[in-house]
Amino acid sequence: MQATPGPKRGIETFFFTLVGLAILRVCLHEVDSVPLAIVSIVNVMMGCLFLGGPLLALCFAARDPWTPTMAAKFFFGGLVLQVSCYFLQSLIFQHNGILAQVINALGQIGLPIWCVGLGALLATFIKDRNIVVPIAIFLAFLDMFLVFSPLGVTHIIIKRVPEMLPAIAAQVPVASHEITGEKVTPGALAGPADFMFLAMFLVAIFRHNMKGRRTVIVVIPTLLAYMLLVNITHTSLPALLPIGGVVLLVNWREFELTKDEKISTGLVTIMGVALFTWGMFQKPKNLRLDTSQKPAVQGSSKSPSSLPLTGTNQSQ
């Protein structure tokens, strides 16, 4: 049974939240360094705001009824907006000036738009709620492979070409302290795949009348706690692992797998474990690095993760 159509108030909240965060992002760029005693607290608050805000907005959008046509419009519209703003900012304004920051903020609006659009589009193809189980399990192992394996795309980008990341990821502002004298800059990144698959799961959950509200209540603080763990450990962690775990644990009683579905889910799990295990024993490829390139953002470590946030290092 699928949810019946209703007013798209969630999508309105989605857009209002993104616009509000974009305005705040531009304003924060003009803020000078903060006192050393509170810099860590400020960064945690900004991480919760600029990561939790889009995630919560995405959850509101997922409640509304989606059609393939509407989802495709969101996907292509958001993608064009993000790509156009990136090239405008980097090629014409060269990341300098207030106008460049406004364009960057608009691009950051485009990212969650195309992520929720693609996620909703994928969710429209989930005709049976039981399919969510093998999808969540396999994506968790796939994400671990991509992040931890030397052959994983995410691992390669993190280690070899981190300068690519600001062009494709969600940026979380990071403040510097008085000693460095730097302004608030985008210093931590969140991967778009995690927004996309979270949208897919939530849209599917609401479409099939599962425990959507409870899933949202659990998944948002879980991902924010995951963000803190990433910042504390200064490492990259696969976010689809906690996302899939929350989806399955909260909605477990909603699934009624047949014998054949249980067998196929078991096979999918074995495939995921095999892929991750194989990937961990592979040797990293030797890629030539251009050491003359500067870091994409000053005052932070660019080792972004599959999700939420990458650890950041403030200059001492």
# chains A, B, ... in the order shown; residues from 1 in each chain; ligands from 1
call {"tool": "closest_atom_pairs", "arguments": {"of": "region 190-299 of chain A", "to": "region 129-150 of chain A", "cutoff": "8 Å", "atoms": "only C-alpha atoms", "output": "Markdown table"}}
result
| residue | atom | partner | partner_atom | distance |
| --- | --- | --- | --- | --- |
| A:Phe201 | CA | A:Val132 | CA | 7.5 |
| A:Ala204 | CA | A:Arg129 | CA | 7.4 |
| A:Ile205 | CA | A:Arg129 | CA | 7.6 |
| A:His208 | CA | A:Arg129 | CA | 6.4 |
| A:Ser236 | CA | A:Val147 | CA | 7.0 |
| A:Leu237 | CA | A:Val147 | CA | 6.8 |
| A:Pro238 | CA | A:Met144 | CA | 5.5 |
| A:Ala239 | CA | A:Asp143 | CA | 7.5 |
| A:Leu240 | CA | A:Ala140 | CA | 5.1 |
| A:Leu241 | CA | A:Ala140 | CA | 4.5 |
| A:Gly244 | CA | A:Ala136 | CA | 4.8 |
| A:Gly245 | CA | A:Ala136 | CA | 7.6 |
| A:Val247 | CA | A:Ala136 | CA | 7.7 |
| A:Leu248 | CA | A:Val133 | CA | 6.7 |
| A:Phe255 | CA | A:Asn130 | CA | 5.5 |
| A:Glu256 | CA | A:Asn130 | CA | 6.7 |
| A:Leu257 | CA | A:Asn130 | CA | 6.2 |
| A:Glu261 | CA | A:Asn130 | CA | 7.9 |
| A:Ser264 | CA | A:Pro134 | CA | 8.0 |
| A:Thr265 | CA | A:Pro134 | CA | 5.1 |
| A:Val268 | CA | A:Pro134 | CA | 6.3 |
| A:Thr269 | CA | A:Phe138 | CA | 6.2 |
| A:Met271 | CA | A:Phe138 | CA | 7.8 |
| A:Gly272 | CA | A:Phe141 | CA | 5.1 |
| A:Val273 | CA | A:Phe141 | CA | 6.4 |
| A:Leu275 | CA | A:Phe145 | CA | 7.0 |
| A:Phe276 | CA | A:Phe145 | CA | 4.8 |
| A:Gly279 | CA | A:Ser149 | CA | 5.0 |
| A:Met280 | CA | A:Ser149 | CA | 4.9 |
| A:Phe281 | CA | A:Ser149 | CA | 7.8 |
| A:Gln282 | CA | A:Pro150 | CA | 6.6 |
| A:Lys283 | CA | A:Pro150 | CA | 6.4 |
| A:Pro284 | CA | A:Pro150 | CA | 4.7 |
| A:Lys285 | CA | A:Pro150 | CA | 7.4 |
call {"tool": "atom_distance", "arguments": {"atom1": "CA of Thr17 (chain A)", "atom2": "CA of Leu249 (chain A)"}}
result
28.4 Å
call {"tool": "select_by_dssp", "arguments": {"residues": "region 11-217 of chain A", "states": "alpha helix (DSSP H)", "output": "VMD selection string"}}
result
chain A and resid 11 to 29 39 to 63 68 to 87 97 to 123 132 to 148 153 to 160 165 to 168 192 to 207 212 to 217
call {"tool": "residues_around", "arguments": {"residues": "Cys48 (chain A)", "least_positions_apart": "3", "cutoff": "12 Å", "atoms": "only C-alpha atoms", "output": "list in words"}}
result
Leu21, Ile41, Val42, Asn43, Val44, Met45, Leu51, Gly52, Gly53, Pro54, Leu55, Leu56, Val172, Pro173, Val174, Ile220, Pro221, Thr222, Leu223, Leu224, Ala225, Tyr226, Met227, Leu228, Asn231, Pro308 and Leu309 of chain A
call {"tool": "atom_distance", "arguments": {"atom1": "CA of Arg25 (chain A)", "atom2": "CA of Ala120 (chain A)"}}
result
26.5 Å
call {"tool": "residues_around", "arguments": {"residues": "region 102-117 of chain A", "least_positions_apart": "2", "cutoff": "6 Å", "atoms": "only C-alpha atoms", "output": "PyMOL selection string"}}
result
chain A and resi 18+22+71+74-75+78-79+81-82+85+99-100+119-120+195-196+199
call {"tool": "atom_distance", "arguments": {"atom1": "CA of Phe87 (chain A)", "atom2": "CA of Ala169 (chain A)"}}
result
14.4 Å
call {"tool": "closest_residue", "arguments": {"among": "A:Ala57, A:Leu36, A:Ile232, A:Val203", "to": "Ile126 (chain A)", "atoms": "only C-alpha atoms"}}
result
A:Val203
call {"tool": "residues_around", "arguments": {"residues": "Gly212 (chain A)", "least_positions_apart": "4", "cutoff": "8 Å", "atoms": "only C-alpha atoms", "output": "list of chain:residue names"}}
result
A:Arg63, A:Leu202, A:Ile205, A:Phe206, A:Val216
call {"tool": "decode", "arguments": {"residues": "region 69-134 of chain A", "atoms": "C-alpha atoms", "output": "short mmCIF file (atom, residue, chain, number, x, y, z; two decimals), in the first residue's frame"}}
result
data_model
loop_
_atom_site.label_atom_id
_atom_site.label_comp_id
_atom_site.auth_asym_id
_atom_site.auth_seq_id
_atom_site.Cartn_x
_atom_site.Cartn_y
_atom_site.Cartn_z
CA THR A 69 8.62 13.05 -13.78
CA MET A 70 8.89 15.34 -10.74
CA ALA A 71 11.95 13.48 -9.46
CA ALA A 72 13.66 13.78 -12.86
CA LYS A 73 13.02 17.54 -12.90
CA PHE A 74 14.64 17.87 -9.48
CA PHE A 75 17.60 15.77 -10.57
CA PHE A 76 18.40 17.61 -13.80
CA GLY A 77 17.56 21.05 -12.42
CA GLY A 78 19.72 20.66 -9.33
CA LEU A 79 22.60 19.15 -11.29
CA VAL A 80 22.60 21.98 -13.83
CA LEU A 81 22.48 24.53 -11.01
CA GLN A 82 25.42 23.02 -9.11
CA VAL A 83 27.63 22.49 -12.17
CA SER A 84 26.88 25.95 -13.59
CA CYS A 85 27.64 27.66 -10.30
CA TYR A 86 30.89 25.75 -9.87
CA PHE A 87 32.19 26.81 -13.28
CA LEU A 88 31.03 30.40 -12.78
CA GLN A 89 32.77 30.59 -9.42
CA SER A 90 36.02 28.88 -10.42
CA LEU A 91 36.54 30.07 -13.99
CA ILE A 92 35.09 33.60 -13.95
CA PHE A 93 35.35 34.77 -10.35
CA GLN A 94 38.21 32.41 -9.33
CA HIS A 95 36.68 31.88 -5.88
CA ASN A 96 37.25 35.55 -4.96
CA GLY A 97 34.80 38.17 -3.73
CA ILE A 98 31.35 38.23 -2.26
CA LEU A 99 29.71 37.47 -5.63
CA ALA A 100 31.73 34.26 -5.87
CA GLN A 101 30.47 33.27 -2.42
CA VAL A 102 26.87 33.93 -3.45
CA ILE A 103 27.33 31.73 -6.51
CA ASN A 104 28.95 29.03 -4.37
CA ALA A 105 25.99 29.16 -1.97
CA LEU A 106 23.58 28.76 -4.90
CA GLY A 107 25.58 25.74 -6.05
CA GLN A 108 25.26 24.25 -2.59
CA ILE A 109 21.47 24.56 -2.99
CA GLY A 110 21.69 22.60 -6.24
CA LEU A 111 23.47 19.65 -4.63
CA PRO A 112 20.69 18.46 -2.27
CA ILE A 113 18.10 19.22 -4.98
CA TRP A 114 19.59 16.77 -7.46
CA CYS A 115 20.38 14.28 -4.69
CA VAL A 116 16.78 14.18 -3.45
CA GLY A 117 15.56 14.07 -7.05
CA LEU A 118 17.72 11.09 -8.02
CA GLY A 119 16.98 9.35 -4.72
CA ALA A 120 13.24 9.82 -5.21
CA LEU A 121 13.51 8.61 -8.80
CA LEU A 122 15.19 5.41 -7.63
CA ALA A 123 12.58 5.00 -4.89
CA THR A 124 9.75 5.04 -7.44
CA PHE A 125 11.16 1.78 -8.83
CA ILE A 126 10.94 0.06 -5.42
CA LYS A 127 7.54 -1.57 -5.84
CA ASP A 128 7.84 -3.92 -2.84
CA ARG A 129 8.96 -2.82 0.63
CA ASN A 130 10.87 -6.07 1.13
CA ILE A 131 13.36 -5.03 -1.56
CA VAL A 132 14.66 -2.38 0.85
CA VAL A 133 16.31 -5.10 2.96
CA PRO A 134 18.85 -6.45 0.42
#
